[in-house]
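Participant: The structure's right below; bear with me while I get my questions together.
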Amino acid sequence: MLKSKDLLGLQYLSAQEICEILDGAVATKQFLKGDKKSADDLKGRSLITLFYENSTRTRTSFELAAKYLGATEVNVSVATSSVQKGETLIDTGETLDALKIDFIAIRHPMAGAPKLLAEHVKASVINGGDGMHEHPTQALLDMFTIKEHYGKIKGLKVAILGDIKHSRVAMSNLFGLNKLGAEVYMYAPATMIPKELERLGAHIAKSREEAVEGADAVMGLRIQLERMNGGLFPSLGEYARYYGVNGDVMKYAKPDAIVLHPGPVNRGVELTPALIDGESSLILEQVTNGLAVRMSILKLLAEYREKNL
Ligand code: CP
């Protein structure tokens, strides 16, 4: 069972809790393969999605996960909500709490916003991405995808290339993959990779070939133009040529290595279209797995709430 009412980051979860979520997703993935996606595990429960940043995959899959499990789901559109009148995050959270909801899935540009919210509401808060801090449900679906493919995570080499500095996905994957015994190699232009990640267990490679050498999984990360103040690399074309992953770079990986990307992809920048659409790509499978993993998380948090609150 999970040990907290909230899911805020993989730095706070034990290896056992991570495994419980991944194991639960095996069953929810089976459920998704069925003809009719209707269950009553969360009947009488309610989920609010509260996204202060854009999203396609995370928000939609939280909403579908709740609906498929029988919960009531409501999206609070931040652009048309009282947030625009200056309502604070805590006031918004307490207002939603007064509506007797069970779960809030939140995405926020500020690192730590989900934790602050969780400390002020009775609802279970699930971090859907906070600033450059963590994106735990993305890393859990990435890990599920790797485990589903290889049957294990321990002992695998995972190479992560792209905008590490601005990436909450990189941080959560580093915490989670290390906890389950994988080796994480990272590579990016020097302006996009904080050296202190070595202290958190990452191997910082000196070239993309070194990062990918013998890798079981190669993950591209989006170049986050919206988080840059400019000047981190000369142009997207030069980034693709010198730092992107292409077929030649993939020759250094294991012959059956898989290609991952959290999406959305800048086609031809982080990964070539041939890799994105190629046989080794599991990028769309990651999207399906995101739904399975988020269903598993909602079920486990509901179990925690029934036993502890
Ligand atoms: N990977 C991810 O978080 O995608 P969205 O921004 O579409 O949710």
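Each chain in the structure tokens gets a letter, A, B, ..., in the order shown, and its residues are numbered from 1; ligands are numbered from 1 in order too.
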Set the cut-off to 10 Å, count only C-alpha atoms and all ligand atoms, and list whatever residues fall near ligand 1 as an NGL selection string.
Facilitator: :A and (51 or 53-62 or 107 or 128-129 or 135-139 or 141-142 or 168-169 or 221-222 or 261-265 or 286-287 or 290)
Participant: Give me, as an MDAnalysis selection string, the residues of range 33-108 of chain A that a backbone DSSP run labels alpha helix (DSSP H).
Facilitator: chainID A and resid 57:68 89:98
Participant: When DSSP is applied to the backbone of this structure, which of range 30-124 of chain A are assigned strand (DSSP E or B)? Write them out as a list of chain:residue names.
Facilitator: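 Written out, the strand (DSSP E or B) residues of range 30-124 of chain A are A:Ser46, A:Leu47, A:Ile48, A:Thr49, A:Leu50, A:Phe51, A:Thr72, A:Glu73, A:Val74, A:Asn75, A:Val76, A:Phe103, A:Ile104, A:Ala105, A:Ile106, A:Arg107, A:His108, A:Ser124.
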Participant: In Å to one decimal, how far is CA of Lys5 in chain A from CA of Leu291 in chain A?
Facilitator: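 Computing it gives 20.1 Å between the two atoms.
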Participant: Do you know which residues are at most 9 Å from Asn289 in chain A counting only C-alpha atoms, after dropping those on the same chain fewer than 3 positions away, and could you put them as a CSV table (one decimal) with N, CA and C atoms, in the first residue's frame?
Facilitator:
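That gives us result23.csv:
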```csv
chain,number,residue,atom,x,y,z
A,25,ALA,N,-0.5,-1.6,-12.7
A,25,ALA,CA,-0.7,-1.1,-14.1
A,25,ALA,C,-0.7,-2.3,-15.0
A,29,LYS,N,-3.7,-2.3,-17.6
A,29,LYS,CA,-3.4,-2.4,-19.0
A,29,LYS,C,-4.3,-3.5,-19.6
A,141,LEU,N,5.2,5.8,-16.1
A,141,LEU,CA,4.8,5.2,-17.3
A,141,LEU,C,6.0,4.8,-18.2
A,142,ASP,N,7.1,5.6,-18.1
A,142,ASP,CA,8.3,5.2,-18.8
A,142,ASP,C,8.9,3.9,-18.3
A,144,PHE,N,7.2,1.7,-16.6
A,144,PHE,CA,6.3,0.6,-16.9
A,144,PHE,C,6.6,0.1,-18.3
A,145,THR,N,6.8,1.0,-19.2
A,145,THR,CA,7.1,0.6,-20.7
A,145,THR,C,8.4,-0.2,-20.8
A,284,LEU,N,4.2,5.7,-28.8
A,284,LEU,CA,2.7,5.6,-28.6
A,284,LEU,C,2.3,4.6,-27.6
A,285,GLU,N,3.1,3.6,-27.4
A,285,GLU,CA,2.8,2.6,-26.3
A,285,GLU,C,2.9,3.3,-25.0
A,286,GLN,N,3.9,4.3,-24.9
A,286,GLN,CA,4.0,5.0,-23.6
A,286,GLN,C,2.7,5.8,-23.3
A,292,ALA,N,-2.8,3.4,-18.2
A,292,ALA,CA,-2.8,2.2,-17.3
A,292,ALA,C,-2.2,2.6,-16.0
A,293,VAL,N,-1.1,3.3,-16.0
A,293,VAL,CA,-0.3,3.7,-14.8
A,293,VAL,C,-1.2,4.7,-14.0
A,294,ARG,N,-1.8,5.6,-14.6
A,294,ARG,CA,-2.6,6.6,-13.8
A,294,ARG,C,-3.9,5.9,-13.2
```
Participant: So which residues touch Leu282 in chain A within 7 Å, counting only C-alpha atoms, skipping near sequence neighbours fewer than 4 positions away, as a ChimeraX atom specification?
Facilitator: /A:258-260,286
Participant: Just want the 10 Å neighbourhood of Ile18 in chain A, counted on only C-alpha atoms, with same-chain residues fewer than 6 positions away dropped. Output as a ChimeraX atom specification.
Facilitator: /A:2,10,24,140,143-144,176-177,179-180,297
Participant: Just how far from CA of Arg208 in chain A is CA of Asn246 in chain A, in Å to one decimal?
Facilitator: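 About the pair CA of Asn246 in chain A and CA of Arg208 in chain A: they are 10.4 Å apart.
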Participant: Excluding same-chain residues fewer than 2 positions from Arg305 in chain A, what lies within 10 Å of it counting only C-alpha atoms, as number ranges by chain?
Facilitator: A: 2, 4-6, 102, 122-124, 299-303, 307-309
Participant: Selection from above, N, CA, C and O atoms, as a PDB file, in the first residue's frame, can you write it?
Facilitator:
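Contents of the output file result.pdb:
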```pdb
ATOM      1  N   LEU A   2       0.392   2.317  -0.643  1.00  0.00           N
ATOM      2  CA  LEU A   2       1.147   3.570  -0.633  1.00  0.00           C
ATOM      3  C   LEU A   2       1.152   4.147   0.785  1.00  0.00           C
ATOM      4  O   LEU A   2       0.252   3.884   1.581  1.00  0.00           O
ATOM      5  N   SER A   4       1.412   7.480   1.590  1.00  0.00           N
ATOM      6  CA  SER A   4       1.003   8.886   1.686  1.00  0.00           C
ATOM      7  C   SER A   4      -0.316   9.077   0.950  1.00  0.00           C
ATOM      8  O   SER A   4      -0.628   8.334   0.019  1.00  0.00           O
ATOM      9  N   LYS A   5      -1.064  10.108   1.344  1.00  0.00           N
ATOM     10  CA  LYS A   5      -2.328  10.388   0.634  1.00  0.00           C
ATOM     11  C   LYS A   5      -2.063  10.984  -0.751  1.00  0.00           C
ATOM     12  O   LYS A   5      -2.940  11.012  -1.588  1.00  0.00           O
ATOM     13  N   ASP A   6      -0.824  11.492  -0.964  1.00  0.00           N
ATOM     14  CA  ASP A   6      -0.503  12.212  -2.195  1.00  0.00           C
ATOM     15  C   ASP A   6       0.586  11.494  -2.989  1.00  0.00           C
ATOM     16  O   ASP A   6       1.355  10.719  -2.432  1.00  0.00           O
ATOM     17  N   ASP A 102     -12.082  13.957  -4.090  1.00  0.00           N
ATOM     18  CA  ASP A 102     -11.119  12.978  -3.557  1.00  0.00           C
ATOM     19  C   ASP A 102      -9.703  13.175  -4.099  1.00  0.00           C
ATOM     20  O   ASP A 102      -8.732  12.941  -3.392  1.00  0.00           O
ATOM     21  N   LYS A 122      -7.579  18.194   1.978  1.00  0.00           N
ATOM     22  CA  LYS A 122      -7.816  16.802   2.393  1.00  0.00           C
ATOM     23  C   LYS A 122      -7.733  15.869   1.192  1.00  0.00           C
ATOM     24  O   LYS A 122      -7.464  14.680   1.333  1.00  0.00           O
ATOM     25  N   ALA A 123      -7.990  16.396  -0.001  1.00  0.00           N
ATOM     26  CA  ALA A 123      -7.948  15.570  -1.214  1.00  0.00           C
ATOM     27  C   ALA A 123      -6.536  15.046  -1.443  1.00  0.00           C
ATOM     28  O   ALA A 123      -5.557  15.626  -0.954  1.00  0.00           O
ATOM     29  N   SER A 124      -6.432  13.939  -2.164  1.00  0.00           N
ATOM     30  CA  SER A 124      -5.123  13.416  -2.573  1.00  0.00           C
ATOM     31  C   SER A 124      -4.636  14.226  -3.769  1.00  0.00           C
ATOM     32  O   SER A 124      -5.350  14.351  -4.768  1.00  0.00           O
ATOM     33  N   LYS A 299      -6.342   3.975  -8.162  1.00  0.00           N
ATOM     34  CA  LYS A 299      -6.850   2.851  -7.353  1.00  0.00           C
ATOM     35  C   LYS A 299      -6.072   2.732  -6.036  1.00  0.00           C
ATOM     36  O   LYS A 299      -6.659   2.535  -4.965  1.00  0.00           O
ATOM     37  N   LEU A 300      -4.754   2.883  -6.108  1.00  0.00           N
ATOM     38  CA  LEU A 300      -3.940   2.745  -4.887  1.00  0.00           C
ATOM     39  C   LEU A 300      -4.179   3.910  -3.926  1.00  0.00           C
ATOM     40  O   LEU A 300      -4.219   3.718  -2.702  1.00  0.00           O
ATOM     41  N   LEU A 301      -4.345   5.122  -4.472  1.00  0.00           N
ATOM     42  CA  LEU A 301      -4.619   6.263  -3.584  1.00  0.00           C
ATOM     43  C   LEU A 301      -6.013   6.136  -2.952  1.00  0.00           C
ATOM     44  O   LEU A 301      -6.210   6.494  -1.788  1.00  0.00           O
ATOM     45  N   ALA A 302      -6.965   5.594  -3.716  1.00  0.00           N
ATOM     46  CA  ALA A 302      -8.312   5.374  -3.161  1.00  0.00           C
ATOM     47  C   ALA A 302      -8.238   4.367  -2.007  1.00  0.00           C
ATOM     48  O   ALA A 302      -8.893   4.548  -0.967  1.00  0.00           O
ATOM     49  N   GLU A 303      -7.415   3.339  -2.195  1.00  0.00           N
ATOM     50  CA  GLU A 303      -7.229   2.319  -1.139  1.00  0.00           C
ATOM     51  C   GLU A 303      -6.627   2.973   0.108  1.00  0.00           C
ATOM     52  O   GLU A 303      -7.065   2.717   1.242  1.00  0.00           O
ATOM     53  N   LYS A 307      -8.456   3.334   3.933  1.00  0.00           N
ATOM     54  CA  LYS A 307      -7.865   2.753   5.147  1.00  0.00           C
ATOM     55  C   LYS A 307      -7.373   3.797   6.155  1.00  0.00           C
ATOM     56  O   LYS A 307      -7.275   3.500   7.339  1.00  0.00           O
ATOM     57  N   ASN A 308      -7.042   4.977   5.674  1.00  0.00           N
ATOM     58  CA  ASN A 308      -6.353   5.935   6.560  1.00  0.00           C
ATOM     59  C   ASN A 308      -7.088   7.248   6.829  1.00  0.00           C
ATOM     60  O   ASN A 308      -6.736   7.955   7.763  1.00  0.00           O
ATOM     61  N   LEU A 309      -8.043   7.604   6.006  1.00  0.00           N
ATOM     62  CA  LEU A 309      -8.648   8.957   6.179  1.00  0.00           C
ATOM     63  C   LEU A 309     -10.098   8.862   6.661  1.00  0.00           C
ATOM     64  O   LEU A 309     -10.761   7.864   6.479  1.00  0.00           O
TER      65      LEU A 309
END
```
Participant: Got a sec: who's within 10 Å of range 64-68 of chain A, counting only C-alpha atoms, leaving out chain neighbours fewer than 4 positions off, as a JSON list (two decimals) with C-alpha atoms, in the first residue's frame?
Facilitator:
```json
[["chain", "number", "residue", "atom", "x", "y", "z"],
["A", 28, "THR", "CA", -5.23, -1.94, -15.66],
["A", 31, "PHE", "CA", -8.50, -3.94, -18.63],
["A", 32, "LEU", "CA", -7.76, -1.36, -21.36],
["A", 36, "LYS", "CA", -15.81, -2.03, -22.89],
["A", 37, "LYS", "CA", -13.84, 0.25, -20.58],
["A", 38, "SER", "CA", -16.15, 0.51, -17.63],
["A", 39, "ALA", "CA", -15.42, -0.43, -14.02],
["A", 40, "ASP", "CA", -16.74, 0.71, -10.66],
["A", 41, "ASP", "CA", -13.55, 0.65, -8.55],
["A", 42, "LEU", "CA", -13.83, 4.42, -8.03],
["A", 43, "LYS", "CA", -17.62, 4.72, -8.03],
["A", 45, "ARG", "CA", -15.09, 9.17, -5.98],
["A", 46, "SER", "CA", -14.23, 12.40, -7.80],
["A", 47, "LEU", "CA", -11.17, 13.77, -9.58],
["A", 48, "ILE", "CA", -10.42, 17.38, -10.47],
["A", 59, "ARG", "CA", -4.54, 15.67, -18.44],
["A", 60, "THR", "CA", -6.51, 13.53, -20.89],
["A", 72, "THR", "CA", -16.78, 11.63, -11.51],
["A", 73, "GLU", "CA", -14.26, 13.84, -13.29],
["A", 74, "VAL", "CA", -14.22, 17.63, -13.68],
["A", 103, "PHE", "CA", -8.27, 13.66, -6.00],
["A", 290, "GLY", "CA", 0.25, 6.41, -19.14],
["A", 291, "LEU", "CA", -3.44, 5.64, -18.91],
["A", 292, "ALA", "CA", -2.79, 2.24, -17.31],
["A", 293, "VAL", "CA", -0.34, 3.71, -14.79],
["A", 294, "ARG", "CA", -2.64, 6.60, -13.84],
["A", 295, "MET", "CA", -5.51, 4.15, -13.31],
["A", 296, "SER", "CA", -3.26, 2.12, -11.04],
["A", 297, "ILE", "CA", -2.28, 5.26, -9.08],
["A", 298, "LEU", "CA", -5.91, 6.33, -8.59],
["A", 299, "LYS", "CA", -6.85, 2.85, -7.35]]
```
